[in-house]
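Below is data.pdb, which holds PDB, N, CA and C atoms.
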ATOM      1  N   MET K   1       0.829  -1.201   0.000
ATOM      2  CA  MET K   1       0.000   0.000   0.000
ATOM      3  C   MET K   1       0.872   1.263   0.000
ATOM      4  N   GLY K   2       1.889   1.292   0.852
ATOM      5  CA  GLY K   2       2.757   2.466   0.945
ATOM      6  C   GLY K   2       3.510   2.744  -0.340
ATOM      7  N   ILE K   3       3.995   1.680  -0.988
ATOM      8  CA  ILE K   3       4.727   1.835  -2.252
ATOM      9  C   ILE K   3       3.795   2.373  -3.325
ATOM     10  N   ASN K   4       2.564   1.874  -3.359
ATOM     11  CA  ASN K   4       1.596   2.354  -4.355
ATOM     12  C   ASN K   4       1.319   3.841  -4.167
ATOM     13  N   CYS K   5       1.151   4.266  -2.929
ATOM     14  CA  CYS K   5       0.915   5.693  -2.654
ATOM     15  C   CYS K   5       2.105   6.529  -3.093
ATOM     16  N   LEU K   6       3.301   6.047  -2.824
ATOM     17  CA  LEU K   6       4.511   6.769  -3.216
ATOM     18  C   LEU K   6       4.595   6.914  -4.736
ATOM     19  N   VAL K   7       4.320   5.832  -5.441
ATOM     20  CA  VAL K   7       4.373   5.862  -6.908
ATOM     21  C   VAL K   7       3.317   6.830  -7.449
ATOM     22  N   MET K   8       2.113   6.779  -6.910
ATOM     23  CA  MET K   8       1.046   7.675  -7.365
ATOM     24  C   MET K   8       1.412   9.133  -7.078
ATOM     25  N   TRP K   9       2.000   9.400  -5.906
ATOM     26  CA  TRP K   9       2.395  10.761  -5.571
ATOM     27  C   TRP K   9       3.462  11.261  -6.522
ATOM     28  N   ILE K  10       4.430  10.414  -6.834
ATOM     29  CA  ILE K  10       5.502  10.805  -7.759
ATOM     30  C   ILE K  10       4.920  11.127  -9.129
ATOM     31  N   MET K  11       4.014  10.284  -9.610
ATOM     32  CA  MET K  11       3.411  10.517 -10.927
ATOM     33  C   MET K  11       2.612  11.819 -10.939
ATOM     34  N   TYR K  12       1.827  12.056  -9.893
ATOM     35  CA  TYR K  12       1.019  13.267  -9.846
ATOM     36  C   TYR K  12       1.882  14.510  -9.649
ATOM     37  N   SER K  13       2.921  14.386  -8.839
ATOM     38  CA  SER K  13       3.785  15.548  -8.595
ATOM     39  C   SER K  13       4.477  15.993  -9.883
ATOM     40  N   HIS K  14       4.772  15.067 -10.773
ATOM     41  CA  HIS K  14       5.389  15.421 -12.055
ATOM     42  C   HIS K  14       4.426  16.241 -12.904
ATOM     43  N   ARG K  15       3.122  15.971 -12.766
ATOM     44  CA  ARG K  15       2.117  16.736 -13.511
ATOM     45  C   ARG K  15       2.020  18.164 -12.995
ATOM     46  N   ILE K  16       2.333  18.354 -11.714
ATOM     47  CA  ILE K  16       2.244  19.686 -11.112
ATOM     48  C   ILE K  16       3.564  20.438 -11.237
ATOM     49  N   PHE K  17       4.653  19.803 -10.838
ATOM     50  CA  PHE K  17       5.943  20.494 -10.809
ATOM     51  C   PHE K  17       6.618  20.529 -12.174
ATOM     52  N   GLY K  18       6.321  19.574 -13.038
ATOM     53  CA  GLY K  18       6.906  19.539 -14.379
ATOM     54  C   GLY K  18       6.642  20.801 -15.182
ATOM     55  N   PRO K  19       5.409  21.309 -15.184
ATOM     56  CA  PRO K  19       5.110  22.508 -15.966
ATOM     57  C   PRO K  19       5.797  23.777 -15.463
ATOM     58  N   THR K  20       6.299  23.771 -14.237
ATOM     59  CA  THR K  20       6.930  24.989 -13.737
ATOM     60  C   THR K  20       8.176  25.350 -14.533
ATOM     61  N   VAL K  21       8.872  24.362 -15.061
ATOM     62  CA  VAL K  21      10.087  24.639 -15.841
ATOM     63  C   VAL K  21       9.759  25.411 -17.119
ATOM     64  N   PRO K  22       8.858  24.912 -17.985
ATOM     65  CA  PRO K  22       8.564  25.696 -19.188
ATOM     66  C   PRO K  22       7.858  27.022 -18.892
ATOM     67  N   ILE K  23       7.051  27.069 -17.834
ATOM     68  CA  ILE K  23       6.386  28.322 -17.488
ATOM     69  C   ILE K  23       7.414  29.366 -17.069
ATOM     70  N   ARG K  24       8.345  28.989 -16.218
ATOM     71  CA  ARG K  24       9.391  29.939 -15.789
ATOM     72  C   ARG K  24      10.279  30.349 -16.960
ATOM     73  N   ARG K  25      10.592  29.400 -17.836
ATOM     74  CA  ARG K  25      11.409  29.708 -19.021
ATOM     75  C   ARG K  25      10.676  30.706 -19.912
ATOM     76  N   HIS K  26       9.386  30.525 -20.083
ATOM     77  CA  HIS K  26       8.570  31.420 -20.909
ATOM     78  C   HIS K  26       8.521  32.819 -20.295
ATOM     79  N   ILE K  27       8.314  32.899 -18.999
ATOM     80  CA  ILE K  27       8.296  34.204 -18.329
ATOM     81  C   ILE K  27       9.640  34.903 -18.500
ATOM     82  N   GLY K  28      10.734  34.163 -18.368
ATOM     83  CA  GLY K  28      12.066  34.740 -18.592
ATOM     84  C   GLY K  28      12.219  35.259 -20.009
ATOM     85  N   ALA K  29      11.695  34.508 -20.980
ATOM     86  CA  ALA K  29      11.766  34.946 -22.374
ATOM     87  C   ALA K  29      10.964  36.230 -22.575
ATOM     88  N   LEU K  30       9.774  36.296 -21.969
ATOM     89  CA  LEU K  30       8.960  37.513 -22.087
ATOM     90  C   LEU K  30       9.673  38.700 -21.467
ATOM     91  N   LEU K  31      10.291  38.500 -20.315
ATOM     92  CA  LEU K  31      11.007  39.588 -19.647
ATOM     93  C   LEU K  31      12.179  40.099 -20.477
ATOM     94  N   SER K  32      12.762  39.208 -21.279
ATOM     95  CA  SER K  32      13.885  39.633 -22.111
ATOM     96  C   SER K  32      13.436  40.110 -23.494
ATOM     97  N   GLY K  33      12.118  40.198 -23.698
ATOM     98  CA  GLY K  33      11.605  40.754 -24.952
ATOM     99  C   GLY K  33      11.294  39.744 -26.036
ATOM    100  N   ASP K  34      11.403  38.458 -25.740
ATOM    101  CA  ASP K  34      11.094  37.425 -26.736
ATOM    102  C   ASP K  34       9.607  37.105 -26.681
ATOM    103  N   TYR K  35       8.814  37.806 -27.500
ATOM    104  CA  TYR K  35       7.372  37.606 -27.497
ATOM    105  C   TYR K  35       6.942  36.508 -28.459
ATOM    106  N   GLN K  36       7.901  35.857 -29.110
ATOM    107  CA  GLN K  36       7.598  34.707 -29.963
ATOM    108  C   GLN K  36       7.579  33.410 -29.145
ATOM    109  N   SER K  37       8.041  33.479 -27.928
ATOM    110  CA  SER K  37       8.083  32.307 -27.050
ATOM    111  C   SER K  37       6.671  31.791 -26.778
ATOM    112  N   ARG K  38       6.504  30.475 -26.744
ATOM    113  CA  ARG K  38       5.228  29.845 -26.411
ATOM    114  C   ARG K  38       5.493  28.663 -25.480
ATOM    115  N   ILE K  39       4.505  28.378 -24.646
ATOM    116  CA  ILE K  39       4.589  27.243 -23.733
ATOM    117  C   ILE K  39       3.835  26.077 -24.352
ATOM    118  N   THR K  40       4.468  24.913 -24.348
ATOM    119  CA  THR K  40       3.807  23.677 -24.753
ATOM    120  C   THR K  40       3.952  22.698 -23.604
ATOM    121  N   LEU K  41       2.824  22.290 -23.049
ATOM    122  CA  LEU K  41       2.856  21.352 -21.941
ATOM    123  C   LEU K  41       2.510  19.952 -22.430
ATOM    124  N   ARG K  42       2.875  18.973 -21.608
ATOM    125  CA  ARG K  42       2.547  17.586 -21.933
ATOM    126  C   ARG K  42       1.048  17.355 -21.758
ATOM    127  N   LYS K  43       0.562  16.321 -22.379
ATOM    128  CA  LYS K  43      -0.868  16.016 -22.412
ATOM    129  C   LYS K  43      -1.514  15.983 -21.021
ATOM    130  N   ARG K  44      -0.849  15.394 -20.045
ATOM    131  CA  ARG K  44      -1.456  15.202 -18.729
ATOM    132  C   ARG K  44      -1.000  16.226 -17.688
ATOM    133  N   ASP K  45      -0.255  17.246 -18.106
ATOM    134  CA  ASP K  45       0.222  18.271 -17.173
ATOM    135  C   ASP K  45      -0.930  19.127 -16.655
ATOM    136  N   GLU K  46      -0.744  19.641 -15.473
ATOM    137  CA  GLU K  46      -1.653  20.621 -14.894
ATOM    138  C   GLU K  46      -1.238  22.008 -15.394
ATOM    139  N   PHE K  47      -2.000  23.016 -15.058
ATOM    140  CA  PHE K  47      -1.722  24.423 -15.362
ATOM    141  C   PHE K  47      -1.832  24.775 -16.844
ATOM    142  N   LYS K  48      -2.605  24.005 -17.595
ATOM    143  CA  LYS K  48      -2.778  24.331 -19.013
ATOM    144  C   LYS K  48      -3.465  25.683 -19.198
ATOM    145  N   ASP K  49      -4.384  26.032 -18.275
ATOM    146  CA  ASP K  49      -5.061  27.321 -18.387
ATOM    147  C   ASP K  49      -4.081  28.476 -18.186
ATOM    148  N   ILE K  50      -3.142  28.320 -17.278
ATOM    149  CA  ILE K  50      -2.126  29.352 -17.058
ATOM    150  C   ILE K  50      -1.220  29.462 -18.282
ATOM    151  N   ALA K  51      -0.842  28.319 -18.845
ATOM    152  CA  ALA K  51       0.007  28.317 -20.035
ATOM    153  C   ALA K  51      -0.698  29.020 -21.193
ATOM    154  N   MET K  52      -1.992  28.750 -21.378
ATOM    155  CA  MET K  52      -2.735  29.403 -22.459
ATOM    156  C   MET K  52      -2.804  30.907 -22.234
ATOM    157  N   ASP K  53      -3.025  31.331 -20.986
ATOM    158  CA  ASP K  53      -3.065  32.770 -20.688
ATOM    159  C   ASP K  53      -1.722  33.429 -20.956
ATOM    160  N   LEU K  54      -0.640  32.781 -20.569
ATOM    161  CA  LEU K  54       0.692  33.341 -20.816
ATOM    162  C   LEU K  54       1.000  33.400 -22.311
ATOM    163  N   ASN K  55       0.549  32.402 -23.057
ATOM    164  CA  ASN K  55       0.735  32.433 -24.513
ATOM    165  C   ASN K  55      -0.057  33.582 -25.136
ATOM    166  N   ARG K  56      -1.278  33.815 -24.644
ATOM    167  CA  ARG K  56      -2.072  34.950 -25.144
ATOM    168  C   ARG K  56      -1.406  36.272 -24.784
ATOM    169  N   LEU K  57      -0.844  36.347 -23.584
ATOM    170  CA  LEU K  57      -0.127  37.561 -23.173
ATOM    171  C   LEU K  57       1.044  37.825 -24.107
ATOM    172  N   ALA K  58       1.809  36.788 -24.433
ATOM    173  CA  ALA K  58       2.946  36.941 -25.340
ATOM    174  C   ALA K  58       2.475  37.429 -26.704
ATOM    175  N   GLU K  59       1.345  36.901 -27.156
ATOM    176  CA  GLU K  59       0.801  37.318 -28.445
ATOM    177  C   GLU K  59       0.427  38.799 -28.418
ATOM    178  N   LYS K  60      -0.223  39.237 -27.346
ATOM    179  CA  LYS K  60      -0.591  40.653 -27.224
ATOM    180  C   LYS K  60       0.636  41.549 -27.132
ATOM    181  N   LEU K  61       1.609  41.135 -26.325
ATOM    182  CA  LEU K  61       2.823  41.933 -26.183
ATOM    183  C   LEU K  61       3.597  42.032 -27.493
ATOM    184  N   GLY K  62       3.510  40.966 -28.282
ATOM    185  CA  GLY K  62       4.206  40.938 -29.563
ATOM    186  C   GLY K  62       3.464  41.655 -30.672
ATOM    187  N   GLY K  63       2.296  42.197 -30.365
ATOM    188  CA  GLY K  63       1.555  42.952 -31.377
ATOM    189  C   GLY K  63       0.563  42.125 -32.166
ATOM    190  N   GLY K  64       0.434  40.858 -31.839
ATOM    191  CA  GLY K  64      -0.521  40.007 -32.574
ATOM    192  C   GLY K  64      -1.792  39.774 -31.799
ATOM    193  N   GLY K  65      -2.180  40.736 -30.961
ATOM    194  CA  GLY K  65      -3.334  40.578 -30.106
ATOM    195  C   GLY K  65      -4.676  40.637 -30.812
ATOM    196  N   GLY K  66      -4.703  41.121 -32.020
ATOM    197  CA  GLY K  66      -5.951  41.123 -32.775
ATOM    198  C   GLY K  66      -7.004  42.068 -32.228
ATOM    199  N   GLY K  67      -6.643  43.279 -31.940
ATOM    200  CA  GLY K  67      -7.615  44.262 -31.469
ATOM    201  C   GLY K  67      -7.791  44.197 -29.974
ATOM    202  N   GLY K  68      -8.760  44.937 -29.483
ATOM    203  CA  GLY K  68      -8.986  44.981 -28.046
ATOM    204  C   GLY K  68      -8.033  45.946 -27.384
ATOM    205  N   LYS K  69      -8.193  46.073 -26.084
ATOM    206  CA  LYS K  69      -7.343  46.996 -25.318
ATOM    207  C   LYS K  69      -6.055  46.310 -24.917
ATOM    208  N   ALA K  70      -4.973  47.053 -24.933
ATOM    209  CA  ALA K  70      -3.675  46.504 -24.538
ATOM    210  C   ALA K  70      -3.340  46.908 -23.130
TER     211      ALA K  70
END
Reformat the file's structure so that it appears as structure tokens.
Amino acid sequence: MGINCLVMWIMYSHRIFGPTVPIRRHIGALLSGDYQSRITLRKRDEFKDIAMDLNRLAEKLGGGGGGGKA
């Protein structure tokens, strides 16, 4: 039972902590002016909504926002 819980925790933690690397890399790229940067997460990763919002932000900052207020 304990080993199963450990394995499940490791698998789930990768879904949560794994996306932090590309998200932080993307934020660093935006801070340095690279608005072409995009985040691509794995199929089962968490935080897809945050990644999509950051990608939309990059698009707006890069001038491809398609109207609306900046």
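When atom C of Arg38 of chain K is paired with atom CA of His14 of chain K, their separation reads 18.9 Å.
Interatomic distance, atom CA of Ser13 of chain K to atom C of Arg44 of chain K: 10.3 Å.
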Quick one: residues within 7 Å of segment 53-60 of chain K, all atoms listed in the file, excluding same-chain residues fewer than 3 positions away - as an mmCIF file with N, CA and C atoms, keeping the file's coordinate frame?
data_model
loop_
_atom_site.group_PDB
_atom_site.id
_atom_site.type_symbol
_atom_site.label_atom_id
_atom_site.label_comp_id
_atom_site.auth_asym_id
_atom_site.auth_seq_id
_atom_site.Cartn_x
_atom_site.Cartn_y
_atom_site.Cartn_z
ATOM 1 N N LEU K 30 9.774 36.296 -21.969
ATOM 2 C CA LEU K 30 8.960 37.513 -22.087
ATOM 3 C C LEU K 30 9.673 38.700 -21.467
ATOM 4 N N ASP K 34 11.403 38.458 -25.740
ATOM 5 C CA ASP K 34 11.094 37.425 -26.736
ATOM 6 C C ASP K 34 9.607 37.105 -26.681
ATOM 7 N N TYR K 35 8.814 37.806 -27.500
ATOM 8 C CA TYR K 35 7.372 37.606 -27.497
ATOM 9 C C TYR K 35 6.942 36.508 -28.459
ATOM 10 N N GLN K 36 7.901 35.857 -29.110
ATOM 11 C CA GLN K 36 7.598 34.707 -29.963
ATOM 12 C C GLN K 36 7.579 33.410 -29.145
ATOM 13 N N SER K 37 8.041 33.479 -27.928
ATOM 14 C CA SER K 37 8.083 32.307 -27.050
ATOM 15 C C SER K 37 6.671 31.791 -26.778
ATOM 16 N N ARG K 38 6.504 30.475 -26.744
ATOM 17 C CA ARG K 38 5.228 29.845 -26.411
ATOM 18 C C ARG K 38 5.493 28.663 -25.480
ATOM 19 N N ILE K 39 4.505 28.378 -24.646
ATOM 20 C CA ILE K 39 4.589 27.243 -23.733
ATOM 21 C C ILE K 39 3.835 26.077 -24.352
ATOM 22 N N LYS K 48 -2.605 24.005 -17.595
ATOM 23 C CA LYS K 48 -2.778 24.331 -19.013
ATOM 24 C C LYS K 48 -3.465 25.683 -19.198
ATOM 25 N N ASP K 49 -4.384 26.032 -18.275
ATOM 26 C CA ASP K 49 -5.061 27.321 -18.387
ATOM 27 C C ASP K 49 -4.081 28.476 -18.186
ATOM 28 N N ILE K 50 -3.142 28.320 -17.278
ATOM 29 C CA ILE K 50 -2.126 29.352 -17.058
ATOM 30 C C ILE K 50 -1.220 29.462 -18.282
ATOM 31 N N GLY K 63 2.296 42.197 -30.365
ATOM 32 C CA GLY K 63 1.555 42.952 -31.377
ATOM 33 C C GLY K 63 0.563 42.125 -32.166
ATOM 34 N N GLY K 64 0.434 40.858 -31.839
ATOM 35 C CA GLY K 64 -0.521 40.007 -32.574
ATOM 36 C C GLY K 64 -1.792 39.774 -31.799
ATOM 37 N N GLY K 65 -2.180 40.736 -30.961
ATOM 38 C CA GLY K 65 -3.334 40.578 -30.106
ATOM 39 C C GLY K 65 -4.676 40.637 -30.812
ATOM 40 N N GLY K 66 -4.703 41.121 -32.020
ATOM 41 C CA GLY K 66 -5.951 41.123 -32.775
ATOM 42 C C GLY K 66 -7.004 42.068 -32.228
#
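You can rank K:Ala51, K:Leu61, K:Met11, K:Ile3 by their closest distance to Ile23 of chain K using only C-alpha atoms, and at the top of that list sits K:Ala51.
Between atom CA of Leu41 of chain K and atom N of Ile27 of chain K there is a distance of 13.1 Å.
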Centre, x/y/z edge lengths, axis-aligned box for segment 15-19 of chain K with 6 Å per side, as lines of an AutoDock Vina configuration file:
center_x = 4.5
center_y = 19.9
center_z = -13.4
size_x = 16.9
size_y = 19.8
size_z = 17.2
Could you give me, as an MDAnalysis selection string, each residue of segment 8-67 of chain K that DSSP assigns to alpha helix (DSSP H) when run on this structure's backbone? chainID K and resid 8:17 20:31 48:61
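Remark: for Arg15 of chain K, the closest of the candidate residues K:Gly2, K:Asp45, K:Ala29, K:Thr40 is K:Asp45 (distances computed over all atoms listed in the file).
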